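Raw contents of structure.cif, mmCIF, C-alpha atoms:
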```cif
data_structure
loop_
_atom_site.label_atom_id
_atom_site.label_comp_id
_atom_site.auth_asym_id
_atom_site.auth_seq_id
_atom_site.Cartn_x
_atom_site.Cartn_y
_atom_site.Cartn_z
CA THR F 4 -126.84 142.67 58.15
CA VAL F 5 -125.74 146.05 59.39
CA ILE F 6 -122.38 144.68 60.51
CA THR F 7 -121.68 143.13 57.08
CA PHE F 8 -122.70 146.41 55.44
CA ALA F 9 -120.31 148.35 57.71
CA GLN F 10 -117.50 145.85 57.01
CA ASN F 11 -118.00 146.26 53.25
CA ILE F 12 -117.84 150.03 53.62
CA TRP F 13 -114.62 149.69 55.65
CA ASN F 14 -113.09 147.32 53.06
CA GLY F 15 -113.96 149.74 50.27
CA PHE F 16 -112.46 152.60 52.25
CA MET F 17 -109.25 150.66 52.89
CA GLY F 18 -109.07 149.64 49.22
CA MET F 19 -108.99 153.32 48.24
CA GLY F 20 -105.65 153.77 50.04
CA GLU F 21 -103.64 152.68 47.01
CA ALA F 22 -105.56 155.00 44.69
CA PHE F 23 -105.17 157.87 47.15
CA PHE F 24 -101.41 157.43 47.46
CA LEU F 25 -101.02 157.02 43.70
CA ALA F 26 -102.95 160.25 43.08
CA LEU F 27 -100.90 162.03 45.76
CA PHE F 28 -97.66 160.72 44.26
CA CYS F 29 -98.63 161.71 40.69
CA GLY F 30 -99.77 165.13 41.84
CA GLY F 31 -96.45 165.64 43.61
CA ILE F 32 -94.47 164.55 40.57
CA SER F 33 -96.44 166.83 38.27
CA GLU F 34 -95.91 169.75 40.63
CA MET F 35 -92.15 169.04 40.68
CA ILE F 36 -92.13 168.92 36.87
CA ALA F 37 -93.91 172.28 36.75
CA TYR F 38 -91.71 173.78 39.50
CA TYR F 39 -88.47 172.86 37.74
CA GLY F 40 -89.70 174.22 34.40
CA GLY F 41 -90.39 170.98 32.55
CA ILE F 42 -93.86 172.01 31.42
CA GLU F 43 -92.74 175.53 30.45
CA TRP F 44 -89.89 174.07 28.40
CA LEU F 45 -92.28 171.74 26.64
CA ILE F 46 -94.75 174.56 25.95
CA SER F 47 -92.05 176.83 24.53
CA LYS F 48 -90.81 174.09 22.19
CA LEU F 49 -94.31 173.24 21.00
CA ARG F 50 -95.27 176.90 20.49
CA LYS F 51 -92.35 177.29 18.07
CA MET F 52 -93.80 174.50 15.91
CA ILE F 53 -97.37 175.85 15.81
CA LYS F 54 -98.09 177.79 12.62
CA GLY F 55 -101.84 177.38 12.10
CA ASN F 56 -105.01 175.58 13.16
CA LYS F 57 -103.96 172.02 12.29
CA SER F 58 -100.48 172.36 13.77
CA ALA F 59 -102.10 173.87 16.88
CA GLN F 60 -104.28 170.77 17.20
CA LEU F 61 -101.22 168.56 16.78
CA GLY F 62 -99.49 170.73 19.39
CA ILE F 63 -102.30 170.15 21.88
CA ALA F 64 -102.14 166.41 21.15
CA ALA F 65 -98.35 166.38 21.59
CA LEU F 66 -98.51 168.45 24.77
CA VAL F 67 -100.95 166.17 26.55
CA SER F 68 -99.20 163.06 25.21
CA LEU F 69 -95.79 164.10 26.47
CA THR F 70 -97.24 165.29 29.77
CA ASP F 71 -98.96 161.93 30.16
CA CYS F 72 -95.70 160.12 29.46
CA ALA F 73 -94.00 162.26 32.12
CA THR F 74 -96.66 161.83 34.80
CA ALA F 75 -98.03 158.35 33.89
CA ASN F 76 -101.51 159.60 34.76
CA ASN F 77 -103.89 160.78 32.06
CA THR F 78 -106.10 162.78 34.42
CA VAL F 79 -103.12 164.69 35.78
CA ALA F 80 -101.87 165.22 32.21
CA ILE F 81 -105.21 166.70 31.18
CA ILE F 82 -105.30 169.00 34.20
CA ILE F 83 -101.74 170.20 33.61
CA SER F 84 -102.24 170.68 29.85
CA GLY F 85 -105.78 172.06 30.00
CA GLY F 86 -104.97 175.71 30.57
CA VAL F 87 -102.34 175.79 27.84
CA ALA F 88 -104.66 173.93 25.46
CA LYS F 89 -107.36 176.52 26.11
CA ASP F 90 -104.94 179.37 25.32
CA ILE F 91 -103.80 177.66 22.11
CA SER F 92 -107.42 176.96 21.15
CA ASN F 93 -108.44 180.57 21.63
CA GLU F 94 -105.40 181.83 19.72
CA TYR F 95 -105.89 179.54 16.70
CA GLY F 96 -109.70 179.35 16.59
CA ILE F 97 -110.10 175.74 17.69
CA ASP F 98 -113.51 174.86 19.12
CA SER F 99 -113.26 174.15 22.86
CA ARG F 100 -115.03 170.80 22.40
CA ARG F 101 -112.44 169.72 19.84
CA SER F 102 -109.64 170.82 22.15
CA ALA F 103 -111.16 168.86 25.06
CA SER F 104 -111.56 165.85 22.79
CA LEU F 105 -107.91 166.03 21.70
CA LEU F 106 -106.81 166.20 25.34
CA ASP F 107 -108.90 163.17 26.21
CA ILE F 108 -107.98 161.08 23.18
CA PHE F 109 -104.23 161.61 23.23
CA SER F 110 -103.85 161.24 26.98
CA CYS F 111 -105.58 157.87 26.68
CA VAL F 112 -103.42 156.79 23.74
CA PHE F 113 -100.18 157.06 25.65
CA GLN F 114 -101.62 156.02 28.99
CA GLY F 115 -102.38 152.64 27.43
CA ILE F 116 -98.98 152.33 25.73
CA ILE F 117 -96.41 153.41 28.33
CA PRO F 118 -95.04 150.32 30.05
CA TYR F 119 -94.97 152.03 33.47
CA GLY F 120 -98.63 153.10 33.30
CA ALA F 121 -101.24 151.60 35.57
CA GLN F 122 -103.07 149.86 32.71
CA LEU F 123 -100.14 147.80 31.43
CA LEU F 124 -98.79 147.09 34.91
CA THR F 125 -102.21 145.80 35.95
CA ALA F 126 -102.58 143.76 32.75
CA SER F 127 -99.15 142.15 33.20
CA ALA F 128 -99.87 141.41 36.85
CA LEU F 129 -103.22 139.80 36.00
CA ALA F 130 -101.69 137.77 33.17
CA SER F 131 -98.83 136.67 35.44
CA LYS F 132 -101.23 135.24 38.03
CA ASN F 133 -102.07 132.37 35.69
CA GLY F 134 -98.59 130.84 35.95
CA ALA F 135 -96.72 132.62 33.19
CA VAL F 136 -94.77 135.77 33.89
CA ILE F 137 -95.75 138.45 31.36
CA ASN F 138 -93.75 141.64 31.05
CA ALA F 139 -95.61 144.89 30.25
CA MET F 140 -93.35 145.36 27.21
CA GLU F 141 -94.65 142.09 25.74
CA ILE F 142 -98.20 143.44 25.77
CA ILE F 143 -97.54 146.75 23.94
CA PRO F 144 -97.59 145.35 20.35
CA HIS F 145 -101.03 143.89 21.07
CA MET F 146 -102.53 147.16 22.31
CA TRP F 147 -104.46 147.61 19.07
CA TYR F 148 -107.08 149.87 20.67
CA CYS F 149 -104.47 152.49 21.62
CA TRP F 150 -102.84 152.36 18.20
CA LEU F 151 -106.22 152.72 16.45
CA LEU F 152 -107.16 155.56 18.78
CA ALA F 153 -103.94 157.36 17.81
CA ILE F 154 -104.54 156.83 14.09
CA PHE F 155 -108.14 158.03 14.21
CA GLY F 156 -107.19 160.93 16.48
CA ILE F 157 -104.64 162.15 13.94
CA LEU F 158 -107.08 161.53 11.07
CA SER F 159 -109.67 163.65 12.88
CA ILE F 160 -107.25 166.58 12.73
CA TYR F 161 -106.64 166.25 9.01
CA ILE F 162 -110.16 165.16 8.02
CA PRO F 163 -112.30 167.40 10.23
CA TYR F 164 -115.66 165.69 9.67
CA ALA F 165 -117.18 167.24 12.81
CA ASP F 166 -116.23 170.79 11.81
CA GLY F 167 -119.27 171.07 9.51
CA GLY F 168 -121.60 170.32 12.41
CA LEU F 169 -119.77 172.74 14.67
CA LYS F 170 -120.01 175.53 12.07
CA LYS F 171 -123.76 174.92 11.65
CA GLU F 172 -124.20 174.98 15.41
CA ARG F 173 -122.32 178.29 15.69
CA ALA F 174 -124.41 179.80 12.89
CA LYS F 175 -127.61 178.97 14.81
CA GLU F 176 -126.31 180.76 17.92
#
```
How does the structure come out when it is put into structure tokens?
Amino acid sequence: TVITFAQNIWNGFMGMGEAFFLALFCGGISEMIAYYGGIEWLISKLRKMIKGNKSAQLGIAALVSLTDCATANNTVAIIISGGVAKDISNEYGIDSRRSASLLDIFSCVFQGIIPYGAQLLTASALASKNGAVINAMEIIPHMWYCWLLAIFGILSIYIPYADGGLKKERAKE
């Protein structure tokens, strides 16, 4: 009925409150980090370590990973790190698609591993509903997907399989 439809819309709207406040909170924290120089400090330290293309890719991965650990939100980490990653990519000749991929991969790696991230807190809460109390720290060793994602992300930097396809694509343009 129309009334049931309207009630479902209202319930969905009210359910978004938590997500809205979480996004607002994370955005505020990331702005405080930027305001007090946390991101600039991180960028200056990483820039000192970058010597070439591969170290620049590792720098992008480290930047988004550390930003994700600081904000506990991979979307916010990508947004904060995106501009710097683009500058590093342009400076060291990294394809923008590779840079975007590194941002996505490494923000997801740490988002799934940090014990105060939404994924592990939700997993521990769901596991605890069945009678046993599960701490988020107990789940981390079993997060094989995140560990494999990290390994293959690093391997993709050192074994650039996709670079051949990117070079062929650029040659056609």
Would you translate the PyMOL selection byres ((chain F and resi 75) around 8) into the concrete set of residues it matches in this file, as a tab-separated table (two decimals) with C-alpha atoms, in the coordinates of the input?
```tsv
chain	number	residue	atom	x	y	z
F	29	CYS	CA	-98.63	161.71	40.69
F	71	ASP	CA	-98.96	161.93	30.16
F	72	CYS	CA	-95.70	160.12	29.46
F	73	ALA	CA	-94.00	162.26	32.12
F	74	THR	CA	-96.66	161.83	34.80
F	76	ASN	CA	-101.51	159.60	34.76
F	77	ASN	CA	-103.89	160.78	32.06
F	114	GLN	CA	-101.62	156.02	28.99
F	117	ILE	CA	-96.41	153.41	28.33
F	119	TYR	CA	-94.97	152.03	33.47
F	120	GLY	CA	-98.63	153.10	33.30
F	121	ALA	CA	-101.24	151.60	35.57
```
(request) Tell me which of F:Leu151, F:Thr70, F:Val112, F:Leu129 sits closest to Ile36 (chain F), counting all atoms listed in the file. (result) F:Thr70
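Closest to Ser110 (chain F) among F:Val67, F:Met19, F:Val79, F:Ile6 is F:Val67, based on all atoms listed in the file.
When only C-alpha atoms are used to measure the gap to Ala37 (chain F), the shortest distance among F:Ala103, F:Ile83, F:Ile108, F:Ile162 belongs to F:Ile83.
Picked out by the PyMOL selection byres ((chain F and resi 60) around 10) when it runs on this file: Ile53, Gly55, Asn56, Lys57, Ser58, Ala59, Leu61, Gly62, Ile63, Ala64, Ala65, Leu66, Ala88, Ile91, Ser92, Tyr95, Ile97, Arg101, Ser102, Leu105, Leu106, Ile157, Ser159, Ile160 and Tyr161 of chain F.
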(message) Could you list, as a PyMOL selection string, every residue matched by the PyMOL selection byres ((chain F and resi 142) around 10) in this structure?
(response) chain F and resi 116+118+123-124+126-127+130+137-141+143-146
(request) Return the single residue from F:Gln122, F:Ala9, F:Gly15, F:Val87 that is closest to Arg50 (chain F), with distances computed using all atoms listed in the file. (result) F:Val87
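CA of Glu94 (chain F) is positioned 26.3 Å from CA of Tyr39 (chain F).
Picture a line from CA of Asp107 (chain F) to CA of Thr125 (chain F); it runs 21.0 Å.
Interatomic distance, CA of Ala80 (chain F) to CA of Ala153 (chain F): 16.5 Å.
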Quick one: what's the axis-aligned box for region 109-116 of chain F, all listed atoms, 8 Å on every side, centre and edges in Å to one decimal, as AutoDock Vina command-line options?
```
--center_x -102.3 --center_y 157.0 --center_z 26.1 --size_x 22.6 --size_y 25.3 --size_z 21.8
```
